[in-house]
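The structure under discussion appears below in the form of structure tokens.
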Amino acid sequence: MRTPIIAGNWKMYKNVGEAVETARKLEERVQDSPVEVVICAPFTNLPALSALGLTKVKLGAQNMYFEDQGAFTGEIAPGMLLDVGCEYVILGHSERRQIFKEDDELINKKVLKALNVGLKPILCVGETLEERRAGRTEEVVVAQTTRALAGAAAEQLTNLVIAYEPVWAIGTGENCDAEDANQVIARIRQTLAELYTADLAQQVRIQYGGSVKPANIKEFMEQPEIDGALVGGASLDVDSFTSIIRY
Ligand code: PEP
């Protein structure tokens, strides 16, 4: 059985005070949840969130560079994330791919580095509206998954989480149909089976992300292949994120 994982992507929102207040309330409200709960907060919030000593809510970052240290102005090293209590790191988010021009080769280096240092990547894959309309959804997610994982060892795979996030569904209020998402996620799992083994593929958790909210989370979680959600906008408010976690 795969433990469901629901992660909040706070993007570039919340100053330290707001982050601490939200995380404290969330920790109290989801104590008894069987779901693994993660907050992926802006870098500047992470030391304060780590100092709260949360036990139920785990911490993640939204990006990292693949080098240990050096002259990489503006970047954050994997060891720095571990130092401030991160267990997870989102990699390959569509906003990174589209706005910051991250390609599969760079994402692959980051995924390998994260796995090698013991950070758990939440690898985002997903098609654009144009690709969906052209019937290329599965081709796109298979290629993104395959390229991102090139060189990753089988024994590291259980630390990997994949988020299927159709680009057109992110922040638009227009979510993917749950059965459609289930089918795409099944295709991603099949890709893992082809790259590794069927047994390993069954162990990897694959989330859906894209306009998840309290009103639609249940539909997604009822699907057999969907193991959780990556939630942007609706994770910023503690009431709505709690409702999602308590689906
Ligand atoms: C995201 O940022 O990963 C995301 C899914 O955003 P939203 O839930 O706002 O669509």
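By order in the structure tokens, chains are A, B, ...; within a chain, residues start at 1; ligands start at 1, following the order shown.
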
Exercise for the section: Compute the set of protein, DNA and RNA residues whose minimum atom distance to ligand 1 is at most 6 Å, using only C-alpha atoms and all ligand atoms, and state it as an MDAnalysis selection string. Expected result: chainID A and resid 9 169:171 209:212 230:233

With N, CA, C and O atoms retained, write the just-selected residues as a PDB file, in the first residue's frame.
```pdb
ATOM      1  N   ASN A   9       2.303  23.618  -2.394  1.00  0.00           N
ATOM      2  CA  ASN A   9       3.338  24.426  -3.038  1.00  0.00           C
ATOM      3  C   ASN A   9       2.957  25.890  -2.816  1.00  0.00           C
ATOM      4  O   ASN A   9       2.031  26.390  -3.460  1.00  0.00           O
ATOM      5  N   ALA A 169      -3.849  23.180 -16.281  1.00  0.00           N
ATOM      6  CA  ALA A 169      -4.698  23.084 -15.085  1.00  0.00           C
ATOM      7  C   ALA A 169      -4.098  23.827 -13.890  1.00  0.00           C
ATOM      8  O   ALA A 169      -4.748  23.962 -12.861  1.00  0.00           O
ATOM      9  N   ILE A 170      -2.869  24.293 -14.036  1.00  0.00           N
ATOM     10  CA  ILE A 170      -2.192  24.905 -12.887  1.00  0.00           C
ATOM     11  C   ILE A 170      -2.626  26.358 -12.733  1.00  0.00           C
ATOM     12  O   ILE A 170      -2.422  27.178 -13.632  1.00  0.00           O
ATOM     13  N   GLY A 171      -3.225  26.639 -11.583  1.00  0.00           N
ATOM     14  CA  GLY A 171      -3.614  28.002 -11.242  1.00  0.00           C
ATOM     15  C   GLY A 171      -4.727  28.567 -12.104  1.00  0.00           C
ATOM     16  O   GLY A 171      -4.969  29.767 -12.082  1.00  0.00           O
ATOM     17  N   GLY A 209      -1.717  17.137  -9.720  1.00  0.00           N
ATOM     18  CA  GLY A 209      -1.706  18.551  -9.345  1.00  0.00           C
ATOM     19  C   GLY A 209      -2.314  19.389 -10.445  1.00  0.00           C
ATOM     20  O   GLY A 209      -2.120  19.109 -11.645  1.00  0.00           O
ATOM     21  N   GLY A 210      -3.018  20.434 -10.060  1.00  0.00           N
ATOM     22  CA  GLY A 210      -3.647  21.337 -11.035  1.00  0.00           C
ATOM     23  C   GLY A 210      -5.051  21.672 -10.590  1.00  0.00           C
ATOM     24  O   GLY A 210      -5.978  20.887 -10.791  1.00  0.00           O
ATOM     25  N   SER A 211      -5.179  22.851  -9.910  1.00  0.00           N
ATOM     26  CA  SER A 211      -6.484  23.330  -9.441  1.00  0.00           C
ATOM     27  C   SER A 211      -7.203  22.341  -8.518  1.00  0.00           C
ATOM     28  O   SER A 211      -8.424  22.202  -8.577  1.00  0.00           O
ATOM     29  N   VAL A 212      -6.419  21.663  -7.675  1.00  0.00           N
ATOM     30  CA  VAL A 212      -7.036  20.823  -6.637  1.00  0.00           C
ATOM     31  C   VAL A 212      -7.610  21.746  -5.568  1.00  0.00           C
ATOM     32  O   VAL A 212      -6.981  22.723  -5.172  1.00  0.00           O
ATOM     33  N   LEU A 230      -0.511  17.567  -5.398  1.00  0.00           N
ATOM     34  CA  LEU A 230       0.359  18.724  -5.217  1.00  0.00           C
ATOM     35  C   LEU A 230      -0.562  19.929  -5.404  1.00  0.00           C
ATOM     36  O   LEU A 230      -1.201  20.071  -6.446  1.00  0.00           O
ATOM     37  N   VAL A 231      -0.641  20.737  -4.363  1.00  0.00           N
ATOM     38  CA  VAL A 231      -1.672  21.775  -4.305  1.00  0.00           C
ATOM     39  C   VAL A 231      -1.014  23.149  -4.230  1.00  0.00           C
ATOM     40  O   VAL A 231      -0.213  23.407  -3.326  1.00  0.00           O
ATOM     41  N   GLY A 232      -1.348  24.011  -5.168  1.00  0.00           N
ATOM     42  CA  GLY A 232      -0.800  25.370  -5.151  1.00  0.00           C
ATOM     43  C   GLY A 232      -1.708  26.298  -4.374  1.00  0.00           C
ATOM     44  O   GLY A 232      -1.721  26.322  -3.142  1.00  0.00           O
ATOM     45  N   GLY A 233      -2.519  27.066  -5.091  1.00  0.00           N
ATOM     46  CA  GLY A 233      -3.356  28.108  -4.501  1.00  0.00           C
ATOM     47  C   GLY A 233      -4.117  27.688  -3.250  1.00  0.00           C
ATOM     48  O   GLY A 233      -4.124  28.410  -2.240  1.00  0.00           O
TER      49      GLY A 233
END
```

Practice task
Mind checking which residues fall within 10 Å of segment 111-123 of chain A, counting only C-alpha atoms, ignoring those fewer than 6 positions away in the same chain, and posting them as a PyMOL selection string?
Solution key: chain A and resi 7+60-68+77-79+81-82+86-93+105+144-145+148-153+156-165+205-207+230

Practice task
May I ask for the distance between atom CA of Ala186 of chain A and atom CA of Lys101 of chain A, given in Å to one decimal place?
Solution key: 27.6 Å

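Straight-line separation from atom CA of Thr128 of chain A to atom CA of Val38 of chain A: 25.9 Å.
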
Practice task
Would you mind listing what lies within 10 Å of Met12 of chain A as a PyMOL selection string, with only C-alpha atoms counted and same-chain residues fewer than 5 positions away left out?
Solution key: chain A and resi 41-43+62

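Proximity of A:Ala143, A:Leu26, A:Cys124, A:Ala154 to Ala229 of chain A, computed with only C-alpha atoms, is greatest for A:Cys124.
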
Practice task
Please identify all polymer residues within 10 Å of Gln223 of chain A, counting only C-alpha atoms, omitting same-chain residues fewer than 3 positions from it, and present them as a VMD selection string.
Solution key: chain A and resid 178 to 183 218 to 220 226 to 228

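Every protein or nucleic acid residue with an atom no more than 10 Å from segment 244-246 of chain A, counting only C-alpha atoms and leaving out same-chain residues fewer than 3 positions away, appears here: Pro4, Ile5, Ile6, Ala7, Leu26, Arg29, Val30, Asp32, Ser33, Pro34, Val35, Glu36, Val37, Val212, Lys213, Pro214, Ala215, Asn216, Ile217, Lys218, Gly228, Ala229, Val231, Ala234, Ser235, Val238, Asp239, Ser240 and Phe241 of chain A.
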
Dump of C-alpha atoms for the selected residues, as an mmCIF file, in the first residue's frame:
```cif
data_model
loop_
_atom_site.group_PDB
_atom_site.id
_atom_site.type_symbol
_atom_site.label_atom_id
_atom_site.label_comp_id
_atom_site.auth_asym_id
_atom_site.auth_seq_id
_atom_site.Cartn_x
_atom_site.Cartn_y
_atom_site.Cartn_z
ATOM 1 C CA PRO A 4 -0.989 9.088 0.221
ATOM 2 C CA ILE A 5 1.059 12.275 0.117
ATOM 3 C CA ILE A 6 -0.475 15.750 -0.112
ATOM 4 C CA ALA A 7 1.990 18.581 -0.589
ATOM 5 C CA LEU A 26 -1.924 23.063 10.023
ATOM 6 C CA ARG A 29 -5.329 20.225 12.593
ATOM 7 C CA VAL A 30 -3.834 17.291 10.688
ATOM 8 C CA ASP A 32 -4.407 12.352 13.202
ATOM 9 C CA SER A 33 -4.394 12.246 9.387
ATOM 10 C CA PRO A 34 -3.117 9.051 7.745
ATOM 11 C CA VAL A 35 -1.869 11.187 4.860
ATOM 12 C CA GLU A 36 1.755 12.357 4.627
ATOM 13 C CA VAL A 37 1.613 16.163 4.675
ATOM 14 C CA VAL A 212 -7.036 20.823 -6.637
ATOM 15 C CA LYS A 213 -9.460 22.206 -4.063
ATOM 16 C CA PRO A 214 -11.670 20.923 -1.242
ATOM 17 C CA ALA A 215 -14.545 20.404 -3.707
ATOM 18 C CA ASN A 216 -12.648 18.092 -6.071
ATOM 19 C CA ILE A 217 -9.959 16.292 -4.013
ATOM 20 C CA LYS A 218 -12.179 13.278 -3.265
ATOM 21 C CA GLY A 228 -2.064 12.257 -3.447
ATOM 22 C CA ALA A 229 -1.974 15.816 -4.660
ATOM 23 C CA VAL A 231 -1.672 21.775 -4.305
ATOM 24 C CA ALA A 234 -5.594 26.086 -2.180
ATOM 25 C CA SER A 235 -2.661 25.225 0.125
ATOM 26 C CA VAL A 238 -5.080 26.701 6.273
ATOM 27 C CA ASP A 239 -8.829 25.962 6.203
ATOM 28 C CA SER A 240 -8.865 24.891 2.574
ATOM 29 C CA PHE A 241 -5.606 22.936 2.825
#
```

Exercise for the section: Apply DSSP to the structure's backbone, then extract all residues of segment 110-189 of chain A labelled strand (DSSP E) and return them as a list in words. Expected result: Lys120, Pro121, Ile122, Leu123, Cys124, Val125, Val161, Ile162, Ala163 and Tyr164 of chain A

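Atom pair atom CA of Ala51 of chain A / atom CA of Val84 of chain A has a distance of 8.6 Å (rounded to one decimal).
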
Exercise for the section: May I have all residues of segment 35-138 of chain A that DSSP, computed from the backbone, assigns to alpha helix (DSSP H), given as a PyMOL selection string? Expected result: chain A and resi 46-51+78-83+94-99+104-117+129-133+137-138
